[in-house]
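One structure is given below, encoded as structure tokens.
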Amino acid sequence: MTNTLLEEKFLASILYSKSTDEPCLQINSLPMNYKNKPIDFKNLHLETKMVRGGTLRSNFGETSEAIFLNSGYCYNDAETAESRFNGEDPSFVYSRYLNPSLKMLEDKMALLEGAEAACVMGSGMAAVFASIMCQIKAGDHFIASKVLFSSCFYIATKILPNYGIEVTLVDGPNEDEWRKAFKKNTKVVFIETPANPTLEIVDIKFVADLCKQHGASFIVDNIFASPFSQSPFEFGADIVVHSTTKHIDGQGRTLGGCVLGSQHFIKEVLLPFHRHTGPALSPFNAWVALKSLETFGLRMERHCENAKKIAEFLENHPKIKRVFYPTLKSHPQFETAQKQMKNGGSMMAFEIQGDKKDTFAFMNRLQLVDISNNMGDSKSLITHPATTTHFSMGRVEQEKIGITESMCRLSVGLEHADDLIADLKQALI
């Protein structure tokens with residue numbers, strides 16, 4: 001049979017369902033018109049939400065969600081195209097705006113964080129930048145906690161001032177500094193908690209209350225904790241940002257980001273900025289993250305259990321100066337962590353007894369733990385923030401926020417905790 005005849009036979013099989021007037025594919029006279037089942041997720045557990053949430057099956061009724069690797073969409077008539085673009089018909093128009101694969105991930109992320117709506121983007125930093133820039137302008141005032149990932153620090157100290165935006169950085173745990181920081185023109189407040197890389201913890205509810213008093217929008221970067229360990233919306237956050245590259249994917253395969261908030265914020269404030277600036281997520285990357293979330297609860301449980309054991313081991317080792325992990329009583333903000341975190345998460349920082357040379361020697365002796373600036377991976381990863389993730393800040397700024405040359409940041413993976421402890425132990429000679 002020629003290709004032309006095959007195409008004609010296939011096209012002829014696309015009919016309309018008599019019961020729904022919707023197109024369906026018929027093969028051997030059997031209609032393929034699968035119907036997605038409505039599920040009330042309100043009282044379901046996290047694990048069930050992550051397996052069942054967000055699924056949007058096509059007429060084929062595929063078990064695993066499909067990847068929609070298309071850039072555009074076709075319309076049955078010009079009137080339909082018009083209704084898509086004027087908003088009367090909320091369906092898809094262009095994958096820079098939205099795509100079925102992206103929509104499924106957004107719905108699942110909203111379930112995970114307990115948000116009304118979500119918008120996924122090409123990277124975590126795209127999400128951070130868009131969440132800020134979509135709601136701020138020249139003459140406004142921006143506040144952030146001092147301990148930030150270096151790219152967030154760059155946005156706050158370099159990019160925003162270039163746009164005529166006033167910026168104030170505060171000591172995250174210092175309540176008096178927060179009270180004094182607000183001005184009449186304060187528009188947006190941004191925090192990381194726990195912060196990268198020192199695991200500094202900021203009281204979400206305290207800052208949220210101040211934001212409400214002053215009419216400011218409050219963004220929480222929940223990347224270090226993940227939704228498994230912390231739910232910022234429960235404590236008053238307006239917006240939550242994620243790098244899906246980290247715990248969401250969990251296996252170091254894709255880049256991605258996500259902004260979550262109210263329906264109004266996502267649709268009326270963020271999406272116009274997103275659509276016209278183009279930080280779109282690849283449908284393939286969205287699909288990888290979507291499938292990864294099915295095992296999110298299982299993975300995070302092991303991550304957190306391992307991290308707690310390792311933090312306790314390191315705290316009692318004579319070659320370790322100090323450990324920063326939220327559930328250790330020695331953590332400077334331990335009481336705050338107890339109020340707002342469900343567990344300690346998978347991330348920690350610690351300082352070696354010694355200098356940079358000693359710290360590098362320790363890292364180089366590790367056999368299982370890889371030296372890498374990524375995090376939230378199934379593999380345990382260690383980095384030296386002063387010379388990698390926060391290098392661009394310079395030593396003066398690093399010292400201001402407690403990044404020493406003997407500090408390591410450890411992302412605890414899914415290996416057996418005893419094997420990881422043995423590896424750390426043999427390296428701490």
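Chain labels follow the order of the structure tokens: the first chain is A, the next B, and so on; residue numbering restarts at 1 in every chain, and ligands are counted from 1 in their shown order.
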Can you list, as a ChimeraX atom specification, every protein, DNA or RNA residue that comes within 7 Å of Cys304 in chain A when you count only C-alpha atoms, leaving out same-chain residues fewer than 5 positions away?
-> /A:344-346
Compile the contact shell of Gly250 in chain A as a PyMOL selection string: residues with an atom at most 8 Å away, counting only C-alpha atoms, same-chain residues fewer than 2 positions apart removed.
-> chain A and resi 245-248+252+292+376-378
Take the residues that were just selected and, keeping C-alpha atoms, output them as a PDB file, in the first residue's frame.
```pdb
ATOM      1  CA  THR A 245      15.407  20.668  37.915  1.00  0.00           C
ATOM      2  CA  LYS A 246      15.965  19.711  41.541  1.00  0.00           C
ATOM      3  CA  HIS A 247      13.715  17.454  43.676  1.00  0.00           C
ATOM      4  CA  ILE A 248      10.814  17.486  41.209  1.00  0.00           C
ATOM      5  CA  GLY A 252      19.431  15.374  37.120  1.00  0.00           C
ATOM      6  CA  SER A 292       9.076  11.877  38.117  1.00  0.00           C
ATOM      7  CA  GLY A 376      18.023  17.386  44.668  1.00  0.00           C
ATOM      8  CA  ASP A 377      19.383  14.382  42.760  1.00  0.00           C
ATOM      9  CA  SER A 378      19.094  10.653  43.417  1.00  0.00           C
TER      10      SER A 378
END
```
So which one's closest to Cys152 in chain A, A:Leu69, A:Met393, A:Cys211, A:Ile401? Using only C-alpha atoms, please.
->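 Distance minimum relative to Cys152 in chain A lands on A:Met393.
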Please, which residues of range 258-394 of chain A, numbered as in this document, come out alpha helix (DSSP H) from DSSP, as JSON, numbers by chain?
-> {"A": [263, 264, 271, 272, 273, 274, 275, 276, 277, 283, 284, 285, 286, 287, 288, 289, 290, 291, 292, 296, 297, 298, 299, 300, 301, 302, 303, 304, 305, 306, 307, 308, 309, 310, 311, 312, 313, 314, 315, 334, 335, 336, 337, 338, 339, 340, 356, 357, 358, 359, 360, 361, 362, 363, 364, 365, 394]}
Those same residues, written as a PDB file, in the first residue's frame with C-alpha atoms?
```
ATOM      1  CA  GLN A 263      -5.690  32.166  39.858  1.00  0.00           C
ATOM      2  CA  HIS A 264      -5.687  35.944  39.605  1.00  0.00           C
ATOM      3  CA  LEU A 271       0.918  35.005  32.151  1.00  0.00           C
ATOM      4  CA  PRO A 272       0.978  38.241  30.132  1.00  0.00           C
ATOM      5  CA  PHE A 273       4.652  38.677  31.080  1.00  0.00           C
ATOM      6  CA  HIS A 274       5.388  34.991  30.422  1.00  0.00           C
ATOM      7  CA  ARG A 275       3.675  34.869  27.037  1.00  0.00           C
ATOM      8  CA  HIS A 276       5.418  37.927  25.665  1.00  0.00           C
ATOM      9  CA  THR A 277       8.920  37.246  27.022  1.00  0.00           C
ATOM     10  CA  PRO A 283       7.182  19.669  26.467  1.00  0.00           C
ATOM     11  CA  PHE A 284       9.688  16.825  26.794  1.00  0.00           C
ATOM     12  CA  ASN A 285      11.162  18.306  29.976  1.00  0.00           C
ATOM     13  CA  ALA A 286       7.643  18.829  31.304  1.00  0.00           C
ATOM     14  CA  TRP A 287       6.807  15.181  30.644  1.00  0.00           C
ATOM     15  CA  VAL A 288       9.964  13.969  32.426  1.00  0.00           C
ATOM     16  CA  ALA A 289       9.134  16.055  35.500  1.00  0.00           C
ATOM     17  CA  LEU A 290       5.496  14.948  35.343  1.00  0.00           C
ATOM     18  CA  LYS A 291       6.466  11.273  35.424  1.00  0.00           C
ATOM     19  CA  SER A 292       9.076  11.877  38.117  1.00  0.00           C
ATOM     20  CA  PHE A 296       8.086  12.079  44.622  1.00  0.00           C
ATOM     21  CA  GLY A 297       6.840  10.962  48.048  1.00  0.00           C
ATOM     22  CA  LEU A 298       8.874   7.765  48.038  1.00  0.00           C
ATOM     23  CA  ARG A 299      12.031   9.568  46.960  1.00  0.00           C
ATOM     24  CA  MET A 300      11.718  12.456  49.378  1.00  0.00           C
ATOM     25  CA  GLU A 301      11.069  10.165  52.324  1.00  0.00           C
ATOM     26  CA  ARG A 302      14.404   8.418  51.671  1.00  0.00           C
ATOM     27  CA  HIS A 303      16.208  11.714  50.966  1.00  0.00           C
ATOM     28  CA  CYS A 304      15.096  13.164  54.288  1.00  0.00           C
ATOM     29  CA  GLU A 305      15.746  10.038  56.336  1.00  0.00           C
ATOM     30  CA  ASN A 306      19.259   9.784  54.920  1.00  0.00           C
ATOM     31  CA  ALA A 307      19.972  13.472  55.471  1.00  0.00           C
ATOM     32  CA  LYS A 308      18.938  13.352  59.132  1.00  0.00           C
ATOM     33  CA  LYS A 309      21.238  10.389  59.815  1.00  0.00           C
ATOM     34  CA  ILE A 310      24.146  12.032  58.027  1.00  0.00           C
ATOM     35  CA  ALA A 311      23.656  15.377  59.782  1.00  0.00           C
ATOM     36  CA  GLU A 312      23.719  13.647  63.158  1.00  0.00           C
ATOM     37  CA  PHE A 313      26.855  11.717  62.182  1.00  0.00           C
ATOM     38  CA  LEU A 314      28.675  14.832  60.998  1.00  0.00           C
ATOM     39  CA  GLU A 315      27.712  16.871  64.054  1.00  0.00           C
ATOM     40  CA  PHE A 334      15.894  25.501  65.053  1.00  0.00           C
ATOM     41  CA  GLU A 335      12.705  26.798  66.695  1.00  0.00           C
ATOM     42  CA  THR A 336      11.542  28.478  63.486  1.00  0.00           C
ATOM     43  CA  ALA A 337      12.213  25.277  61.562  1.00  0.00           C
ATOM     44  CA  GLN A 338      10.093  23.354  64.043  1.00  0.00           C
ATOM     45  CA  LYS A 339       7.171  25.720  63.409  1.00  0.00           C
ATOM     46  CA  GLN A 340       7.165  25.661  59.618  1.00  0.00           C
ATOM     47  CA  LYS A 356      40.224  25.681  51.870  1.00  0.00           C
ATOM     48  CA  LYS A 357      43.075  23.251  51.163  1.00  0.00           C
ATOM     49  CA  ASP A 358      41.828  20.849  53.848  1.00  0.00           C
ATOM     50  CA  THR A 359      38.273  21.148  52.544  1.00  0.00           C
ATOM     51  CA  PHE A 360      39.311  20.368  48.967  1.00  0.00           C
ATOM     52  CA  ALA A 361      41.347  17.380  50.187  1.00  0.00           C
ATOM     53  CA  PHE A 362      38.291  16.021  52.006  1.00  0.00           C
ATOM     54  CA  MET A 363      36.084  16.432  48.940  1.00  0.00           C
ATOM     55  CA  ASN A 364      38.660  14.797  46.674  1.00  0.00           C
ATOM     56  CA  ARG A 365      38.807  11.708  48.916  1.00  0.00           C
ATOM     57  CA  GLY A 394      33.115  37.579  45.745  1.00  0.00           C
TER      58      GLY A 394
END
```
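A straight line drawn from CA of Cys134 in chain A to CA of Val241 in chain A is 13.6 Å long.
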Do a neighbour search on Thr193 in chain A at 8 Å with only C-alpha atoms, toss out local chain neighbours closer than 3 positions, and write the hits as an MDAnalysis selection string.
-> chainID A and resid 199:202 220:222 224:225
Spatial neighbours of Lys137 in chain A, 8 Å, only C-alpha atoms, chain gap at least 3 places, as a count of residues only = 5
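Within range 63-130 of chain A, the backbone-based DSSP assignment of strand (DSSP E) covers Ala117, Ala118, Cys119, Val120 and Met121 of chain A.
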Those residues you just picked out, can you put them in a file as a compact mmCIF listing (two decimals), in the first residue's frame with N, CA and C atoms?
```
# COMPACT_ATOMS: atom_id res chain seq x y z
N ALA A 117 -3.19 27.81 41.20
CA ALA A 117 -2.74 27.71 39.81
C ALA A 117 -1.22 27.71 39.76
N ALA A 118 -0.69 27.32 38.58
CA ALA A 118 0.76 27.25 38.40
C ALA A 118 1.11 27.59 36.96
N CYS A 119 2.35 28.00 36.76
CA CYS A 119 2.89 28.24 35.42
C CYS A 119 4.31 27.70 35.39
N VAL A 120 4.59 26.74 34.51
CA VAL A 120 5.93 26.18 34.42
C VAL A 120 6.76 26.93 33.39
N MET A 121 8.07 26.92 33.60
CA MET A 121 8.98 27.69 32.75
C MET A 121 10.25 26.89 32.47
```
Name the closest residue to Ser131 in chain A among the candidates A:Pro279, A:Gly53, A:Pro326, A:Pro332; distances are taken between atoms, counting only C-alpha atoms.
-> A:Pro279
